[in-house]
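Taking it in order: structure first as structure tokens, then the write-up.
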There are 2 protein chains.
Amino acid sequence: MIVSALRWVGGIDGYLEIVDQRRLPGEFVKLQCRTVEQVFDAIKTLAVRGAPALGVAAAYGLVLALQELTGDVGVERALQQCARACDYLASSRPTAVNLFRALDRVKSEAERFAAANNNAATEQLRQAVLDEANAICAEDEQLCRRIGQNGEPFIKDGAAVLTHCNAGALATAGQGTALSVLFEAHKKGKRFRVYADETRPLLQGSRLTAWELLQAGIDVTVVCDNMAGWLMKQGKVDLVITGADRIAANGDTANKIGTYSLSVLAKAHGIPFYVAAPSSTFDLDIETGEQIPIEERDADELRFVGDGQVAPEGVDVYNPAFDVTPAENITTIITDRGIIESPSRATVAQHFK
Amino acid sequence: MIVSALRWVGGIDGYLEIVDQRRLPGEFVKLQCRTVEQVFDAIKTLAVRGAPALGVAAAYGLVLALQELTGDVGVERALQQCARACDYLASSRPTAVNLFRALDRVKSEAERFAAANNNAATEQLRQAVLDEANAICAEDEQLCRRIGQNGEPFIKDGAAVLTHCNAGALATAGQGTALSVLFEAHKKGKRFRVYADETRPLLQGSRLTAWELLQAGIDVTVVCDNMAGWLMKQGKVDLVITGADRIAANGDTANKIGTYSLSVLAKAHGIPFYVAAPSSTFDLDIETGEQIPIEERDADELRFVGDGQVAPEGVDVYNPAFDVTPAENITTIITDRGIIESPSRATVAQHFK
């Protein structure tokens with residue numbers, strides 16, 4: 001079974017169901033979000049995470065905002081409500097580009113609908129907003145599936161795969177990106193083993209990726225991040241596959257901290273390194289990875305695990321959320337459009353022609 | 001201030017004082033061990049750890065075992081008591097070679113003393129045992145200092161140093177091995193920055209190394225293990241220095257898991273990689289690192305941090321305690337005898353001539 005991060009339940013009066021990722025892997029609990037505030041909190045507190053999932057959650061949040069209007073208040077009033085909810089939801093994760101993009105898209109559709117139907121009932125506008133949110137969700141599912149299908153041939157029967165962080169169904173409304181490749185290979189009956197880097201500091205690998213793969217019946221072994229090189233040295237890894245947060249025009253790829261180290265280790269051991277991501281991850285306005293800003297996160301992510309203190313109080317910490325893997329360390333980028341072998345300015349441009 | 005793992009307090013009726021490393025970095029508490037059982041428990045539960053510190057703790061444990069004898073029971077009876085205590089202490093950590101070696105050494109000295117003085121009082125034997133334990137402790141202090149002095153020239157003013165795990169004073173009765181190099185450089189007034197890998201799964205880097213360096217007034221920054229490559233890529237690391245658990249005749253070095261990955265990353269970035277260890281760490285009967293057995297530890301070390309579950313229940317885990325860094329990845333090995341540049345069968349043999 002593949003467990004996606006969220007889904008809309010019911011019709012125009014329905015609700016958003018979210019897998020509460022704060023409680024994984026200990027407990028599998030689904031949250032029912034029936035108000036825009038509940039969606040805001042779920043995003044803010046990381047009950048839902050992963051760029052595509054955040055976009056879809058926010059889009060459905062706008063439907064919930066419109067549900068608050070009782071009776072037929074007119075499209076003007078409904079548009080105002082929608083705009084306020086957009087600003088509110090956008091403030092939940094100030095660096096989440098997918099979230100802003102989804103909100104803008106739904107808001108534009110609401111405005112377009114209102115302009116074309118200025119005598120429409122509030123409920124009709126609400127239906128238009130739900131339709132657009134559903135469209136974003138369905139597109140995400142399809143993108144995920146295509147990435148999986150395009151990447152699946154790289155997983156040979158009997159292979160051992162190393163992955164980092166969580167680029168799975170729990171990060172999307174569909175079946176993930178890097179993990180979608182594995183799910184498609186599994187559907188085809190291929191047998192393979194996955195090593196999941198635990199991915200400090202937030203442990204998305206051990207908490208989420210390992211959980212997802214277990215649910216799907218895929219053979220998974222958790223390792224500490226520092227074990228990857230030793231696994232490779234022993235011949236226990238045939239390929240590495242990760243997701244991506246942002247890809248520059250030359251193929252340089254920002255992804256979860258630790259991805260760069262893995263790419264260097266893979267290269268040193270002659271192991272292919274794959275990146276799987278929707279084509280929307282490319283930012284063609286950015287020439288190289290050097291222009292990608294790296295967010296630094298809270299020092300307490302390293303000083304504490306849960307309630308347990310694991311470093312001296314007040315000690316200096318360096319905690320970049322991402323690093324940048326140069327294109328020359330990447331064997332192939334897999335997208336919903338196909339694959340980019342030996343990523344470079346030329347091959348990326350060709351992919352988007 | 002440099003805080004060693006332990007010290008003997010008082011004379012023949014004294015006690016063993018141990019820094020309780022289970023409670024670091026949250027609390028700095030010293031345990032007073034007044035019985036051999038307390039020493040056993042301290043070793044067993046990792047209140048004290050690190051090969052040299054374990055040897056010294058066990059040696060003093062024999063003094064405490066002899067303190068239990070009341071009145072003058074004769075050397076035969078005292079020797080029996082000593083032998084029983086040896087077997088008991090040796091069972092506390094079944095793979096700790098230094099511990100066995102220290103116990104054997106003190107026991108042999110007790111036997112030698114008894115043979116030469118068969119009319120001696122129990123208290124005289126006890127004094128001989130204490131003298132031998134003190135000698136082991138003093139030798140360890142001196143070894144540590146020499147390693148530091150031999151390695152200190154490699155730390156240039158303004159350098160940034162990356163270290164892994166804990167090869168510090170908390171692992172020895174002296175000022176450590178890899179960290180001794182840093183302590184000596186600090187004494188000389190050199191300014192430098194240390195990045196301490198947190199070192200999953202047991203976090204000796206963030207819990208112990210960071211704490212030690214802070215106590216000594218050395219600038220330290222904690223990083224996750226998976227950040228090392230990204231630090232190097234940004235030019236933030238001038239050299240790597242680690243300890244060693246066992247070194248083969250050709251210079252291949254077993255050390256805490258993650259050391260091998262670091263050595264590959266350092267090589268790929270043209271950064272020198274130093275190993276600091278007492279010459280007793282060499283096992284010249286072992287030709288290469290391939291003959292060094294790698295202990296696998298409990299899966300729950302990865303599944304839990306403190307009481308917090310961080311991986312799905314029952315998920316497969318790979319948890320090797322050590323890995324082996326090939327000699328060609330090591331720039332220089334620093335010992336109490338001097339240094340081995342470009343370690344190989346020939347240069348190691350030369351070092352021990």
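Residue numbering restarts at 1 for every chain of the structure tokens, chains are lettered A, B, ... in their displayed order, and ligands are numbered from 1 as they appear.
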Residue list (strand (DSSP E), DSSP) for range 14-51 of chain A, as a CSV table (one decimal) with all heavy atoms, in the first residue's frame:
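out-v8.csv, written as the output of this step:
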```
chain,number,residue,atom,x,y,z
A,15,TYR,N,-13.9,17.6,3.4
A,15,TYR,CA,-12.8,18.0,4.3
A,15,TYR,C,-11.5,17.4,3.7
A,15,TYR,O,-11.5,16.5,2.9
A,15,TYR,CB,-13.0,17.6,5.7
A,15,TYR,CG,-13.1,16.1,5.9
A,15,TYR,CD1,-12.0,15.3,6.2
A,15,TYR,CD2,-14.4,15.4,5.8
A,15,TYR,CE1,-12.1,14.0,6.3
A,15,TYR,CE2,-14.4,14.0,6.0
A,15,TYR,CZ,-13.3,13.3,6.2
A,15,TYR,OH,-13.4,12.0,6.4
A,16,LEU,N,-10.4,18.0,4.3
A,16,LEU,CA,-9.1,17.6,3.8
A,16,LEU,C,-8.5,16.6,4.9
A,16,LEU,O,-8.5,16.9,6.1
A,16,LEU,CB,-8.1,18.8,3.7
A,16,LEU,CG,-6.7,18.5,3.4
A,16,LEU,CD1,-6.6,17.9,2.0
A,16,LEU,CD2,-5.8,19.8,3.4
A,17,GLU,N,-8.1,15.4,4.4
A,17,GLU,CA,-7.6,14.4,5.3
A,17,GLU,C,-6.0,14.4,5.1
A,17,GLU,O,-5.6,14.3,4.0
A,17,GLU,CB,-8.1,13.0,5.0
A,17,GLU,CG,-7.7,11.9,5.9
A,17,GLU,CD,-8.3,10.6,5.5
A,17,GLU,OE1,-7.7,9.9,4.6
A,17,GLU,OE2,-9.4,10.3,6.0
A,18,ILE,N,-5.3,14.5,6.2
A,18,ILE,CA,-3.8,14.6,6.2
A,18,ILE,C,-3.2,13.5,7.1
A,18,ILE,O,-3.7,13.3,8.2
A,18,ILE,CB,-3.4,16.0,6.7
A,18,ILE,CG1,-3.7,17.1,5.6
A,18,ILE,CG2,-1.9,16.0,7.0
A,18,ILE,CD1,-3.4,18.5,6.1
A,19,VAL,N,-2.2,12.8,6.6
A,19,VAL,CA,-1.5,11.9,7.4
A,19,VAL,C,-0.6,12.7,8.4
A,19,VAL,O,0.2,13.6,7.9
A,19,VAL,CB,-0.6,11.0,6.6
A,19,VAL,CG1,0.3,10.1,7.5
A,19,VAL,CG2,-1.4,10.1,5.7
A,30,LYS,N,-4.6,9.9,11.0
A,30,LYS,CA,-5.1,10.9,9.9
A,30,LYS,C,-5.8,12.0,10.6
A,30,LYS,O,-6.7,11.8,11.4
A,30,LYS,CB,-6.0,10.2,8.9
A,30,LYS,CG,-5.3,9.2,8.1
A,30,LYS,CD,-6.2,8.4,7.2
A,30,LYS,CE,-5.5,7.3,6.4
A,30,LYS,NZ,-6.4,6.4,5.7
A,31,LEU,N,-5.4,13.2,10.2
A,31,LEU,CA,-6.1,14.5,10.7
A,31,LEU,C,-7.2,14.8,9.8
A,31,LEU,O,-7.0,14.8,8.5
A,31,LEU,CB,-5.1,15.6,10.7
A,31,LEU,CG,-3.9,15.7,11.6
A,31,LEU,CD1,-3.1,16.9,11.3
A,31,LEU,CD2,-4.4,15.7,13.1
A,32,GLN,N,-8.3,15.2,10.3
A,32,GLN,CA,-9.4,15.8,9.5
A,32,GLN,C,-9.4,17.3,9.6
A,32,GLN,O,-9.7,17.8,10.6
A,32,GLN,CB,-10.8,15.2,9.9
A,32,GLN,CG,-10.9,13.8,9.7
A,32,GLN,CD,-12.3,13.2,10.0
A,32,GLN,OE1,-13.2,14.0,10.4
A,32,GLN,NE2,-12.5,11.9,9.9
A,33,CYS,N,-9.0,18.0,8.5
A,33,CYS,CA,-9.0,19.4,8.6
A,33,CYS,C,-10.3,19.9,8.0
A,33,CYS,O,-10.6,19.7,6.8
A,33,CYS,CB,-7.8,20.0,7.7
A,33,CYS,SG,-6.2,19.5,8.4
```
Please tabulate, as CSV, the residues of chain A that come within 9 Å of chain B, each with its closest pair of atoms and the distance in Å to one decimal, counting only C-alpha atoms and ordering rows by chain, then residue number upward.
```
residue,atom,partner,partner_atom,distance
A:Leu24,CA,B:Pro312,CA,7.9
A:Pro25,CA,B:Pro312,CA,5.0
A:Gly26,CA,B:Pro312,CA,6.5
A:Tyr195,CA,B:Tyr318,CA,8.9
A:Glu198,CA,B:Ala311,CA,8.3
A:Thr199,CA,B:Asn226,CA,7.7
A:Arg200,CA,B:Cys224,CA,6.4
A:Pro201,CA,B:Cys224,CA,6.8
A:Leu203,CA,B:Val310,CA,7.1
A:Gly205,CA,B:Ala311,CA,8.5
A:Ser206,CA,B:Ala311,CA,4.8
A:Arg207,CA,B:Ala311,CA,4.8
A:Leu208,CA,B:Ala311,CA,8.0
A:Ala210,CA,B:Pro312,CA,7.0
A:Trp211,CA,B:Pro312,CA,5.8
A:Leu214,CA,B:Val315,CA,7.9
A:Asp219,CA,B:Asp316,CA,8.5
A:Val220,CA,B:Asp316,CA,6.6
A:Thr221,CA,B:Asp316,CA,4.6
A:Val222,CA,B:Val317,CA,4.7
A:Val223,CA,B:Tyr318,CA,5.6
A:Cys224,CA,B:Arg200,CA,6.4
A:Asp225,CA,B:Asn226,CA,5.8
A:Asn226,CA,B:Gly258,CA,4.4
A:Met227,CA,B:Gly258,CA,5.6
A:Ala228,CA,B:Ser261,CA,7.2
A:Gly229,CA,B:Ser261,CA,4.6
A:Trp230,CA,B:Tyr260,CA,6.4
A:Lys233,CA,B:Tyr260,CA,8.9
A:Ile257,CA,B:Met227,CA,6.4
A:Gly258,CA,B:Asn226,CA,4.4
A:Thr259,CA,B:Asn226,CA,8.0
A:Tyr260,CA,B:Trp230,CA,6.4
A:Ser261,CA,B:Gly229,CA,4.6
A:Leu262,CA,B:Asn226,CA,8.3
A:Val264,CA,B:Leu265,CA,6.9
A:Leu265,CA,B:Val264,CA,6.9
A:Ala268,CA,B:Val264,CA,7.5
A:Leu302,CA,B:Cys224,CA,7.4
A:Arg303,CA,B:Ser206,CA,8.0
A:Val305,CA,B:Val305,CA,6.8
A:Gly306,CA,B:Gly308,CA,6.3
A:Asp307,CA,B:Gly308,CA,8.1
A:Gly308,CA,B:Gly306,CA,6.3
A:Gln309,CA,B:Gly26,CA,6.6
A:Val310,CA,B:Arg207,CA,5.4
A:Ala311,CA,B:Arg207,CA,4.8
A:Pro312,CA,B:Pro25,CA,5.0
A:Glu313,CA,B:Gly26,CA,7.5
A:Val315,CA,B:Thr221,CA,6.8
A:Asp316,CA,B:Thr221,CA,4.6
A:Val317,CA,B:Val222,CA,4.7
A:Tyr318,CA,B:Val223,CA,5.6
A:Asn319,CA,B:Val223,CA,6.8
A:Pro320,CA,B:Met227,CA,8.1
A:Asp323,CA,B:Trp230,CA,6.5
A:Val324,CA,B:Trp230,CA,8.1
```
Excluding same-chain residues fewer than 4 positions from range 145-161 of chain B, what lies within 6 Å of it counting only C-alpha atoms, as a VMD selection string? chain B and resid 180 to 181 184 to 185 190 to 194 237 to 240 334 to 336 338
Which residue of B:Leu79, B:Ala102, B:Leu64, B:Ile2 approaches Gly14 in chain B most closely, using only C-alpha atoms: B:Leu64
Could you give me, as a PyMOL selection string, each residue of range 38-256 of chain B that DSSP assigns to helix (DSSP H, G or I) when run on this structure's backbone? chain B and resi 38-44+51-67+75-90+97-116+122-154+169-171+178-187+204-215+225-233
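Between CA of Ala346 in chain B and CA of Gly270 in chain B the interatomic distance comes to 23.9 Å.
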Show which residues sit within 10 Å of Gln81 in chain B, as a VMD selection string. Count only C-alpha atoms, and ignore same-chain residues fewer than 2 positions away. chain B and resid 62 65 to 66 68 to 69 75 to 79 83 to 86
Would you output that residue set with N, CA and C atoms, as a PDB file, in the first residue's frame?
```
ATOM      1  N   LEU B  62      40.850  -3.364  40.489  1.00  0.00           N
ATOM      2  CA  LEU B  62      41.523  -4.433  41.241  1.00  0.00           C
ATOM      3  C   LEU B  62      41.962  -3.933  42.617  1.00  0.00           C
ATOM      4  N   ALA B  65      38.958  -4.121  44.714  1.00  0.00           N
ATOM      5  CA  ALA B  65      38.647  -5.511  45.068  1.00  0.00           C
ATOM      6  C   ALA B  65      39.467  -5.937  46.285  1.00  0.00           C
ATOM      7  N   LEU B  66      40.725  -5.505  46.326  1.00  0.00           N
ATOM      8  CA  LEU B  66      41.596  -5.887  47.452  1.00  0.00           C
ATOM      9  C   LEU B  66      41.236  -5.131  48.725  1.00  0.00           C
ATOM     10  N   GLU B  68      38.444  -4.881  49.880  1.00  0.00           N
ATOM     11  CA  GLU B  68      37.382  -5.629  50.567  1.00  0.00           C
ATOM     12  C   GLU B  68      37.925  -6.589  51.632  1.00  0.00           C
ATOM     13  N   LEU B  69      39.193  -6.972  51.444  1.00  0.00           N
ATOM     14  CA  LEU B  69      39.779  -7.926  52.393  1.00  0.00           C
ATOM     15  C   LEU B  69      40.076  -7.200  53.700  1.00  0.00           C
ATOM     16  N   VAL B  75      49.093 -13.310  51.236  1.00  0.00           N
ATOM     17  CA  VAL B  75      49.154 -12.981  49.816  1.00  0.00           C
ATOM     18  C   VAL B  75      48.415 -13.994  48.947  1.00  0.00           C
ATOM     19  N   GLU B  76      48.373 -15.254  49.365  1.00  0.00           N
ATOM     20  CA  GLU B  76      47.682 -16.264  48.550  1.00  0.00           C
ATOM     21  C   GLU B  76      46.212 -15.899  48.379  1.00  0.00           C
ATOM     22  N   ARG B  77      45.598 -15.647  49.509  1.00  0.00           N
ATOM     23  CA  ARG B  77      44.188 -15.297  49.528  1.00  0.00           C
ATOM     24  C   ARG B  77      43.961 -14.004  48.721  1.00  0.00           C
ATOM     25  N   ALA B  78      44.868 -13.049  48.870  1.00  0.00           N
ATOM     26  CA  ALA B  78      44.741 -11.770  48.159  1.00  0.00           C
ATOM     27  C   ALA B  78      44.878 -11.975  46.641  1.00  0.00           C
ATOM     28  N   LEU B  79      45.793 -12.890  46.269  1.00  0.00           N
ATOM     29  CA  LEU B  79      45.961 -13.172  44.833  1.00  0.00           C
ATOM     30  C   LEU B  79      44.697 -13.796  44.251  1.00  0.00           C
ATOM     31  N   ALA B  83      42.479 -12.365  41.172  1.00  0.00           N
ATOM     32  CA  ALA B  83      42.185 -13.145  39.966  1.00  0.00           C
ATOM     33  C   ALA B  83      40.677 -13.181  39.701  1.00  0.00           C
ATOM     34  N   ARG B  84      39.900 -13.370  40.786  1.00  0.00           N
ATOM     35  CA  ARG B  84      38.444 -13.361  40.627  1.00  0.00           C
ATOM     36  C   ARG B  84      37.952 -12.020  40.087  1.00  0.00           C
ATOM     37  N   ALA B  85      38.516 -10.952  40.639  1.00  0.00           N
ATOM     38  CA  ALA B  85      38.119  -9.606  40.205  1.00  0.00           C
ATOM     39  C   ALA B  85      38.501  -9.367  38.739  1.00  0.00           C
ATOM     40  N   CYS B  86      39.633  -9.941  38.316  1.00  0.00           N
ATOM     41  CA  CYS B  86      40.053  -9.825  36.906  1.00  0.00           C
ATOM     42  C   CYS B  86      39.003 -10.448  35.990  1.00  0.00           C
TER      43      CYS B  86
END
```
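With CA of Arg22 in chain B on one side and CA of Cys137 in chain B on the other, the separation reads 22.2 Å.
Those residues that approach Gln67 in chain B to within 9 Å, counting only C-alpha atoms, are Ile12, Asp13, Arg34, Thr35, Leu62, Glu123 and Arg126 of chain B; same-chain residues fewer than 5 positions away are not listed.
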Give me a file of those residues, with all heavy atoms, as a PDB file, in the first residue's frame.
```pdb
ATOM      1  N   ILE B  12      46.257   4.300  49.397  1.00  0.00           N
ATOM      2  CA  ILE B  12      45.892   2.889  49.332  1.00  0.00           C
ATOM      3  C   ILE B  12      44.425   2.649  49.737  1.00  0.00           C
ATOM      4  O   ILE B  12      43.797   1.692  49.302  1.00  0.00           O
ATOM      5  CB  ILE B  12      46.886   2.074  50.207  1.00  0.00           C
ATOM      6  CG1 ILE B  12      46.806   0.591  49.871  1.00  0.00           C
ATOM      7  CG2 ILE B  12      46.664   2.367  51.681  1.00  0.00           C
ATOM      8  CD1 ILE B  12      47.909  -0.210  50.497  1.00  0.00           C
ATOM      9  N   ASP B  13      43.859   3.557  50.536  1.00  0.00           N
ATOM     10  CA  ASP B  13      42.443   3.431  50.913  1.00  0.00           C
ATOM     11  C   ASP B  13      41.553   4.372  50.100  1.00  0.00           C
ATOM     12  O   ASP B  13      40.421   4.657  50.484  1.00  0.00           O
ATOM     13  CB  ASP B  13      42.266   3.716  52.414  1.00  0.00           C
ATOM     14  CG  ASP B  13      42.952   2.650  53.251  1.00  0.00           C
ATOM     15  OD1 ASP B  13      42.807   1.456  52.907  1.00  0.00           O
ATOM     16  OD2 ASP B  13      43.640   3.012  54.226  1.00  0.00           O
ATOM     17  N   ARG B  34      33.783   3.040  44.926  1.00  0.00           N
ATOM     18  CA  ARG B  34      34.475   2.547  46.119  1.00  0.00           C
ATOM     19  C   ARG B  34      34.468   1.019  46.186  1.00  0.00           C
ATOM     20  O   ARG B  34      35.029   0.439  47.116  1.00  0.00           O
ATOM     21  CB  ARG B  34      33.852   3.132  47.385  1.00  0.00           C
ATOM     22  CG  ARG B  34      34.019   4.640  47.458  1.00  0.00           C
ATOM     23  CD  ARG B  34      33.480   5.229  48.752  1.00  0.00           C
ATOM     24  NE  ARG B  34      33.636   6.673  48.772  1.00  0.00           N
ATOM     25  CZ  ARG B  34      34.722   7.320  49.210  1.00  0.00           C
ATOM     26  NH1 ARG B  34      35.757   6.641  49.653  1.00  0.00           N
ATOM     27  NH2 ARG B  34      34.777   8.645  49.174  1.00  0.00           N
ATOM     28  N   THR B  35      33.796   0.378  45.209  1.00  0.00           N
ATOM     29  CA  THR B  35      33.794  -1.092  45.150  1.00  0.00           C
ATOM     30  C   THR B  35      34.049  -1.520  43.706  1.00  0.00           C
ATOM     31  O   THR B  35      33.820  -0.755  42.762  1.00  0.00           O
ATOM     32  CB  THR B  35      32.438  -1.698  45.584  1.00  0.00           C
ATOM     33  OG1 THR B  35      31.451  -1.344  44.607  1.00  0.00           O
ATOM     34  CG2 THR B  35      31.999  -1.179  46.951  1.00  0.00           C
ATOM     35  N   LEU B  62      40.850  -3.364  40.489  1.00  0.00           N
ATOM     36  CA  LEU B  62      41.523  -4.433  41.241  1.00  0.00           C
ATOM     37  C   LEU B  62      41.962  -3.933  42.617  1.00  0.00           C
ATOM     38  O   LEU B  62      41.929  -4.684  43.600  1.00  0.00           O
ATOM     39  CB  LEU B  62      42.715  -4.964  40.440  1.00  0.00           C
ATOM     40  CG  LEU B  62      42.347  -5.620  39.102  1.00  0.00           C
ATOM     41  CD1 LEU B  62      43.600  -6.117  38.398  1.00  0.00           C
ATOM     42  CD2 LEU B  62      41.357  -6.767  39.326  1.00  0.00           C
ATOM     43  N   GLU B 123      48.406  -5.768  52.775  1.00  0.00           N
ATOM     44  CA  GLU B 123      48.444  -4.351  52.442  1.00  0.00           C
ATOM     45  C   GLU B 123      49.603  -4.022  51.507  1.00  0.00           C
ATOM     46  O   GLU B 123      49.494  -3.146  50.655  1.00  0.00           O
ATOM     47  CB  GLU B 123      48.535  -3.525  53.730  1.00  0.00           C
ATOM     48  CG  GLU B 123      48.278  -2.065  53.473  1.00  0.00           C
ATOM     49  CD  GLU B 123      48.128  -1.296  54.786  1.00  0.00           C
ATOM     50  OE1 GLU B 123      47.188  -1.604  55.545  1.00  0.00           O
ATOM     51  OE2 GLU B 123      48.960  -0.404  55.038  1.00  0.00           O
ATOM     52  N   ARG B 126      48.537  -4.969  48.113  1.00  0.00           N
ATOM     53  CA  ARG B 126      47.582  -3.965  47.645  1.00  0.00           C
ATOM     54  C   ARG B 126      48.328  -2.720  47.151  1.00  0.00           C
ATOM     55  O   ARG B 126      47.977  -2.134  46.134  1.00  0.00           O
ATOM     56  CB  ARG B 126      46.639  -3.608  48.801  1.00  0.00           C
ATOM     57  CG  ARG B 126      45.601  -2.590  48.498  1.00  0.00           C
ATOM     58  CD  ARG B 126      44.262  -2.969  49.133  1.00  0.00           C
ATOM     59  NE  ARG B 126      44.345  -3.027  50.583  1.00  0.00           N
ATOM     60  CZ  ARG B 126      43.974  -2.013  51.398  1.00  0.00           C
ATOM     61  NH1 ARG B 126      43.509  -0.896  50.902  1.00  0.00           N
ATOM     62  NH2 ARG B 126      44.063  -2.143  52.712  1.00  0.00           N
TER      63      ARG B 126
END
```
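Separating CA of Ala178 in chain A from CA of Ile333 in chain A is a distance of 10.4 Å.
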Please list as a CSV table (one decimal) with C-alpha atoms, in the first residue's frame every residue within 8 Å of range 280-293 of chain B, counting only C-alpha atoms and excluding residues in the same chain fewer than 4 positions away.
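Saved as part.csv:
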```csv
chain,number,residue,atom,x,y,z
B,244,ALA,CA,41.8,5.0,15.7
B,245,ASP,CA,40.6,1.7,17.2
B,246,ARG,CA,43.1,-0.7,15.5
B,247,ILE,CA,45.7,-0.2,12.8
B,248,ALA,CA,47.0,-3.0,10.6
B,249,ALA,CA,50.7,-3.4,9.6
B,250,ASN,CA,50.0,-1.6,6.3
B,251,GLY,CA,48.4,1.4,8.0
B,252,ASP,CA,44.8,0.5,7.2
B,253,THR,CA,42.9,2.0,10.2
B,254,ALA,CA,39.7,0.8,11.9
B,324,VAL,CA,38.2,0.7,7.9
B,325,THR,CA,40.0,3.6,6.2
B,326,PRO,CA,42.6,2.4,3.7
```
Neighbour list for Gly50 in chain A as an NGL selection string, cut-off 7 Å, only C-alpha atoms, skip fewer than 4 positions in-chain: :A and (54 or 171-172)
Selected residues written out with all heavy atoms, as a PDB file, in the first residue's frame:
```
ATOM      1  N   LEU A  54       2.467  20.378   0.110  1.00  0.00           N
ATOM      2  CA  LEU A  54       2.125  21.684   0.685  1.00  0.00           C
ATOM      3  C   LEU A  54       1.252  22.483  -0.275  1.00  0.00           C
ATOM      4  O   LEU A  54       0.290  23.143   0.137  1.00  0.00           O
ATOM      5  CB  LEU A  54       3.398  22.480   1.008  1.00  0.00           C
ATOM      6  CG  LEU A  54       4.225  21.958   2.187  1.00  0.00           C
ATOM      7  CD1 LEU A  54       5.495  22.799   2.347  1.00  0.00           C
ATOM      8  CD2 LEU A  54       3.406  21.988   3.471  1.00  0.00           C
ATOM      9  N   ALA A 171       5.479  13.103   0.661  1.00  0.00           N
ATOM     10  CA  ALA A 171       5.856  14.474   0.304  1.00  0.00           C
ATOM     11  C   ALA A 171       4.969  15.020  -0.810  1.00  0.00           C
ATOM     12  O   ALA A 171       5.138  16.163  -1.237  1.00  0.00           O
ATOM     13  CB  ALA A 171       7.322  14.514  -0.146  1.00  0.00           C
ATOM     14  N   THR A 172       4.037  14.211  -1.296  1.00  0.00           N
ATOM     15  CA  THR A 172       3.223  14.606  -2.451  1.00  0.00           C
ATOM     16  C   THR A 172       1.766  14.174  -2.242  1.00  0.00           C
ATOM     17  O   THR A 172       1.436  13.508  -1.263  1.00  0.00           O
ATOM     18  CB  THR A 172       3.726  13.903  -3.742  1.00  0.00           C
ATOM     19  OG1 THR A 172       3.512  12.486  -3.606  1.00  0.00           O
ATOM     20  CG2 THR A 172       5.203  14.160  -3.993  1.00  0.00           C
TER      21      THR A 172
END
```
